[in-house]
Amino acid sequence: MKILVKTLFVLLATVSVAHATGDAAAGKDKVMVCGACHGADGNSMVGTFPKLAGQGEKYLIKQMKDVQSGARQIVTMTGLLDNMSDKDLADIAAYYASQTQSPGVAQDELLDIGERIFRAGNSETGVAACSGCHSPRGLGNAPGGFPRLAGQHADYLASTLKAYQTETRMNDGDSKIMRGVAARLSDKEIKAVANYIAGLR
């Protein structure tokens with residue numbers, strides 16, 4: 001009986017995962033409007049719009065659902081996701097996750113400070129290392145829902161940190177992980193770590 005129950009749990013978990021996974025091929029047909037800002041393959045050419053290529057599905061789905069619900073407000077995305085189903089969002093996420101991100105470029109300025117914060121944080125001000133959640137190479141943790149940062153536009157990363165710092169973005173969960181980190185960063189540190197991350201490959 002115990003074996004039967006365990007087998008049923010495994011099967012149910014497998015079915016749940018199968019339903020949660022999107023169809024990348026179907027997603028390709030649903031991203032035409034998204035491509036205007038994020039690029040047809042998820043590689044935005046504009047520093048203020050994030051690259052979505054290579055981003056984890058779980059993270060992308062959460063962000064799109066937060067935009068739908070109003071938990072994350074992005075003026076340029078107003079109304080764009082309103083008529084999309086959970087399946088549509090999963091397909092879009094699967095498509096972008098399957099794409100290869102274009103490499104980013106870091107400037108020489110403040111690289112040492114940026115690397116120190118990314119790898120070790122700042123013990124004096126209580127800033128945790130970015131690498132703790134986003135991995136030592138900045139590739140994120142897709143199953144955990146922690147986003148890929150490596151290669152992202154420095155302008156976008158810096159503006160995101162500022163948004164968390166000022167609490168104009170608050171969809172980082174009840175634990176306020178990102179708001180807590182950003183609140184302890186100086187403007188110089190934000191610029192430095194965003195620049196360093198942009199060059200990670």
# chains A, B, ... in the order shown; residues from 1 in each chain; ligands from 1
>>> residues_around(residues="stretch 168-170 of chain A", least_positions_apart="2", cutoff="8 Å", atoms="only C-alpha atoms", output="PyMOL selection string")
chain A and resi 71-73+160+163-166+172-173+176+179
>>> residues_around(residues="A:Asp82", least_positions_apart="4", cutoff="10 Å", atoms="only C-alpha atoms", output="list in words")
Met64, Lys65, Val67, Gln68, Ser69, Met77 and Thr78 of chain A
>>> closest_residue(among="A:Glu115, A:Glu124, A:Asp91, A:Asp155", to="A:Ala26", atoms="only C-alpha atoms")
A:Asp91
>>> select_by_dssp(residues="stretch 42-155 of chain A", states="strand (DSSP E or B)", output="list in words")
Asn122, Val127, Asn141 and Phe146 of chain A
>>> write_last_selection(atoms="N, CA and C atoms", output="PDB file, in the first residue's frame")
ATOM      1  N   ASN A 122      28.983  43.130   1.082  1.00  0.00           N
ATOM      2  CA  ASN A 122      29.679  44.148   1.878  1.00  0.00           C
ATOM      3  C   ASN A 122      29.325  43.901   3.336  1.00  0.00           C
ATOM      4  N   VAL A 127      25.333  43.912   3.227  1.00  0.00           N
ATOM      5  CA  VAL A 127      24.888  43.540   1.879  1.00  0.00           C
ATOM      6  C   VAL A 127      25.333  42.113   1.587  1.00  0.00           C
ATOM      7  N   ASN A 141      19.189  30.742 -10.785  1.00  0.00           N
ATOM      8  CA  ASN A 141      18.772  29.416 -10.304  1.00  0.00           C
ATOM      9  C   ASN A 141      17.356  29.222 -10.835  1.00  0.00           C
ATOM     10  N   PHE A 146      15.227  32.246  -9.168  1.00  0.00           N
ATOM     11  CA  PHE A 146      16.143  33.382  -9.090  1.00  0.00           C
ATOM     12  C   PHE A 146      16.654  33.692 -10.493  1.00  0.00           C
TER      13      PHE A 146
END
>>> atom_distance(atom1="atom CA of A:Arg137", atom2="atom CA of A:Ala182")
20.1 Å
>>> closest_residue(among="A:Ile177, A:Ala183, A:Ile92, A:Met45", to="A:Gly104", atoms="only C-alpha atoms")
A:Met45
>>> select_by_dssp(residues="stretch 133-192 of chain A", states="alpha helix (DSSP H)", output="VMD selection string")
chain A and resid 133 to 134 154 to 165 177 to 183 187 to 192
>>> write_last_selection(atoms="C-alpha atoms", output="PDB file, in the first residue's frame")
ATOM      1  CA  CYS A 133      21.189  33.521  -5.067  1.00  0.00           C
ATOM      2  CA  HIS A 134      22.160  34.267  -8.652  1.00  0.00           C
ATOM      3  CA  ALA A 154      23.861  47.540 -16.910  1.00  0.00           C
ATOM      4  CA  ASP A 155      21.285  50.339 -17.266  1.00  0.00           C
ATOM      5  CA  TYR A 156      18.428  47.919 -16.636  1.00  0.00           C
ATOM      6  CA  LEU A 157      20.185  46.284 -13.664  1.00  0.00           C
ATOM      7  CA  ALA A 158      20.941  49.656 -12.073  1.00  0.00           C
ATOM      8  CA  SER A 159      17.393  50.937 -12.553  1.00  0.00           C
ATOM      9  CA  THR A 160      16.000  47.706 -11.090  1.00  0.00           C
ATOM     10  CA  LEU A 161      18.184  48.031  -7.992  1.00  0.00           C
ATOM     11  CA  LYS A 162      17.077  51.666  -7.610  1.00  0.00           C
ATOM     12  CA  ALA A 163      13.435  50.590  -7.954  1.00  0.00           C
ATOM     13  CA  TYR A 164      13.871  48.042  -5.173  1.00  0.00           C
ATOM     14  CA  GLN A 165      15.738  50.624  -3.084  1.00  0.00           C
ATOM     15  CA  ILE A 177      15.248  39.993  -0.253  1.00  0.00           C
ATOM     16  CA  MET A 178      16.016  42.483  -3.009  1.00  0.00           C
ATOM     17  CA  ARG A 179      14.593  45.481  -1.192  1.00  0.00           C
ATOM     18  CA  GLY A 180      16.762  44.627   1.786  1.00  0.00           C
ATOM     19  CA  VAL A 181      19.896  44.354  -0.335  1.00  0.00           C
ATOM     20  CA  ALA A 182      19.218  47.453  -2.430  1.00  0.00           C
ATOM     21  CA  ALA A 183      18.460  49.584   0.633  1.00  0.00           C
ATOM     22  CA  ASP A 187      24.606  54.771  -5.765  1.00  0.00           C
ATOM     23  CA  LYS A 188      28.271  54.097  -6.541  1.00  0.00           C
ATOM     24  CA  GLU A 189      27.911  50.434  -5.539  1.00  0.00           C
ATOM     25  CA  ILE A 190      24.758  50.047  -7.638  1.00  0.00           C
ATOM     26  CA  LYS A 191      26.540  51.425 -10.676  1.00  0.00           C
ATOM     27  CA  ALA A 192      29.590  49.243 -10.014  1.00  0.00           C
TER      28      ALA A 192
END
>>> closest_residue(among="A:Ser131, A:Tyr96, A:Pro147, A:Glu167", to="A:Cys34", atoms="only C-alpha atoms")
A:Tyr96
>>> residues_around(residues="A:Gln99", least_positions_apart="5", cutoff="12 Å", atoms="only C-alpha atoms", output="ChimeraX atom specification")
/A:24-25,27-28,39-43,51-57,92-94
